[in-house]
Amino acid sequence: MRIRKISVFAAAIYFVMLGASCTGPVKEKASCKNGDTINPNGTSELALLMREMAKQVTANHDSLLAGKAIILAPEGIGKLKTAEKTDKNLDTALFNSLADVYLGKLTELQNAPDSLKITAHNNLVTSCKDCHSNFCPGPIKLINKMFVTQ
Ligand code: HEC
């Protein structure tokens, strides 16, 4: 009987600790915790747009290495700030300011002369990474592969 009581107590502590570790940061990452696999919960408008953005940057990575023309903008990019997100509690002000940094880097890529396209591409990839380190680190491994190293 005594042993049983102790184990119930231990289980209670365990669940309290488990509860504590599941609030906060984990919730913030929930929107894209599967990283480089397609997120089964991530079919929000923003997740779909992100897949387009990743496609553009991956294609450009290959084109730049092959000396070919790049894609100037991912489809639907005009909706970056308004697209519906999986995580409704995300810090919108922070998201929008990082989205503006990304959009600025995209314009720089579009305007860059050929000699600076690779630098502009890598700056764009850095802006993907900066937003992801704030909101969802999952895809960072994938994003790291998008840098063009010469
Ligand atoms: C302003 C912030 C921000 C920027 C910039 C950003 N992301 Fe994201 N990304 C997010 C958020 C938030 C999600 C989660 C979307 C959701 O589930 O609603 C996400 C999701 C993703 C996903 C997972 C999509 C899925 O299938 O669920 C990938 C891959 C991704 N981003 C890659 C990129 C790449 C590549 C770039 C740069 C070209 C980029 N992201 C730029 C915030 C950002």
# chains A, B, ... in the order shown; residues from 1 in each chain; ligands from 1
>>> residues_near_ligand(ligand="ligand 1", cutoff="8 Å", atoms="only C-alpha atoms and all ligand atoms", output="ChimeraX atom specification")
/A:31-32,34-51,53-58,80-81,84-87,90,94-103,124-132,135-136,138-140,142-143,146
>>> atom_distance(atom1="CA of Leu64 (chain A)", atom2="CA of Lys105 (chain A)")
16.6 Å
>>> closest_residue(among="A:Asn123, A:Lys117, A:Pro137, A:Thr149", to="Gly67 (chain A)", atoms="only C-alpha atoms")
A:Lys117
>>> atom_distance(atom1="CA of Gly78 (chain A)", atom2="CA of Lys141 (chain A)")
25.8 Å
>>> atom_distance(atom1="CA of Gln110 (chain A)", atom2="CA of Val148 (chain A)")
16.6 Å
>>> decode(residues="region 53-80 of chain A", atoms="N, CA, C and O atoms", output="short mmCIF file (atom, residue, chain, number, x, y, z; two decimals), in the first residue's frame")
data_model
loop_
_atom_site.label_atom_id
_atom_site.label_comp_id
_atom_site.auth_asym_id
_atom_site.auth_seq_id
_atom_site.Cartn_x
_atom_site.Cartn_y
_atom_site.Cartn_z
N MET A 53 8.77 28.89 -51.52
CA MET A 53 9.98 29.67 -51.27
C MET A 53 11.20 28.75 -51.25
O MET A 53 12.25 29.07 -51.82
N ALA A 54 11.04 27.59 -50.61
CA ALA A 54 12.16 26.63 -50.53
C ALA A 54 12.49 26.10 -51.92
O ALA A 54 13.66 25.92 -52.27
N LYS A 55 11.45 25.89 -52.74
CA LYS A 55 11.65 25.39 -54.11
C LYS A 55 12.46 26.41 -54.93
O LYS A 55 13.39 26.05 -55.64
N GLN A 56 12.07 27.69 -54.83
CA GLN A 56 12.78 28.74 -55.58
C GLN A 56 14.26 28.78 -55.19
O GLN A 56 15.15 28.80 -56.05
N VAL A 57 14.50 28.80 -53.87
CA VAL A 57 15.88 28.96 -53.40
C VAL A 57 16.73 27.72 -53.76
O VAL A 57 17.90 27.84 -54.12
N THR A 58 16.11 26.54 -53.69
CA THR A 58 16.84 25.31 -54.06
C THR A 58 17.17 25.31 -55.55
O THR A 58 18.30 24.99 -55.95
N ALA A 59 16.19 25.71 -56.38
CA ALA A 59 16.42 25.77 -57.82
C ALA A 59 17.52 26.79 -58.13
O ALA A 59 18.41 26.55 -58.95
N ASN A 60 17.48 27.94 -57.43
CA ASN A 60 18.48 28.97 -57.67
C ASN A 60 19.88 28.52 -57.23
O ASN A 60 20.88 28.86 -57.87
N HIS A 61 19.93 27.75 -56.17
CA HIS A 61 21.22 27.20 -55.71
C HIS A 61 21.86 26.41 -56.86
O HIS A 61 23.02 26.62 -57.21
N ASP A 62 21.05 25.54 -57.48
CA ASP A 62 21.58 24.70 -58.57
C ASP A 62 21.92 25.55 -59.80
O ASP A 62 22.95 25.34 -60.43
N SER A 63 21.03 26.51 -60.12
CA SER A 63 21.26 27.36 -61.30
C SER A 63 22.52 28.20 -61.15
O SER A 63 23.29 28.35 -62.10
N LEU A 64 22.72 28.75 -59.96
CA LEU A 64 23.91 29.60 -59.75
C LEU A 64 25.19 28.78 -59.91
O LEU A 64 26.16 29.25 -60.50
N LEU A 65 25.17 27.55 -59.42
CA LEU A 65 26.36 26.70 -59.56
C LEU A 65 26.59 26.32 -61.01
O LEU A 65 27.72 26.14 -61.45
N ALA A 66 25.49 26.23 -61.80
CA ALA A 66 25.60 25.85 -63.21
C ALA A 66 25.74 27.07 -64.11
O ALA A 66 25.79 26.93 -65.33
N GLY A 67 25.74 28.27 -63.51
CA GLY A 67 25.85 29.49 -64.30
C GLY A 67 24.62 29.80 -65.13
O GLY A 67 24.69 30.45 -66.16
N LYS A 68 23.47 29.32 -64.67
CA LYS A 68 22.21 29.56 -65.40
C LYS A 68 21.40 30.67 -64.76
O LYS A 68 21.67 31.07 -63.62
N ALA A 69 20.35 31.11 -65.47
CA ALA A 69 19.47 32.17 -64.96
C ALA A 69 18.68 31.67 -63.74
O ALA A 69 18.34 30.49 -63.65
N ILE A 70 18.38 32.59 -62.84
CA ILE A 70 17.65 32.21 -61.63
C ILE A 70 16.19 32.64 -61.69
O ILE A 70 15.81 33.48 -62.49
N ILE A 71 15.39 32.05 -60.79
CA ILE A 71 13.99 32.45 -60.64
C ILE A 71 13.97 33.66 -59.71
O ILE A 71 14.54 33.61 -58.62
N LEU A 72 13.34 34.75 -60.15
CA LEU A 72 13.44 35.99 -59.38
C LEU A 72 12.55 36.05 -58.14
O LEU A 72 12.87 36.69 -57.16
N ALA A 73 11.39 35.38 -58.20
CA ALA A 73 10.51 35.41 -57.03
C ALA A 73 9.71 34.13 -56.92
O ALA A 73 9.30 33.57 -57.94
N PRO A 74 9.50 33.64 -55.69
CA PRO A 74 8.65 32.46 -55.54
C PRO A 74 7.19 32.84 -55.76
O PRO A 74 6.81 33.98 -55.51
N GLU A 75 6.41 31.87 -56.20
CA GLU A 75 4.99 32.13 -56.45
C GLU A 75 4.29 32.55 -55.15
O GLU A 75 4.60 32.02 -54.09
N GLY A 76 3.37 33.46 -55.24
CA GLY A 76 2.54 33.82 -54.09
C GLY A 76 3.25 34.63 -53.01
O GLY A 76 2.70 34.81 -51.92
N ILE A 77 4.43 35.16 -53.31
CA ILE A 77 5.22 35.83 -52.26
C ILE A 77 4.53 37.08 -51.71
O ILE A 77 4.78 37.47 -50.56
N GLY A 78 3.62 37.66 -52.51
CA GLY A 78 2.88 38.83 -52.04
C GLY A 78 2.07 38.56 -50.79
O GLY A 78 1.65 39.48 -50.08
N LYS A 79 1.86 37.27 -50.48
CA LYS A 79 1.03 36.92 -49.33
C LYS A 79 1.85 36.57 -48.09
O LYS A 79 1.29 36.08 -47.09
N LEU A 80 3.15 36.79 -48.14
CA LEU A 80 3.99 36.35 -47.02
C LEU A 80 3.47 36.81 -45.65
O LEU A 80 3.44 36.05 -44.70
#
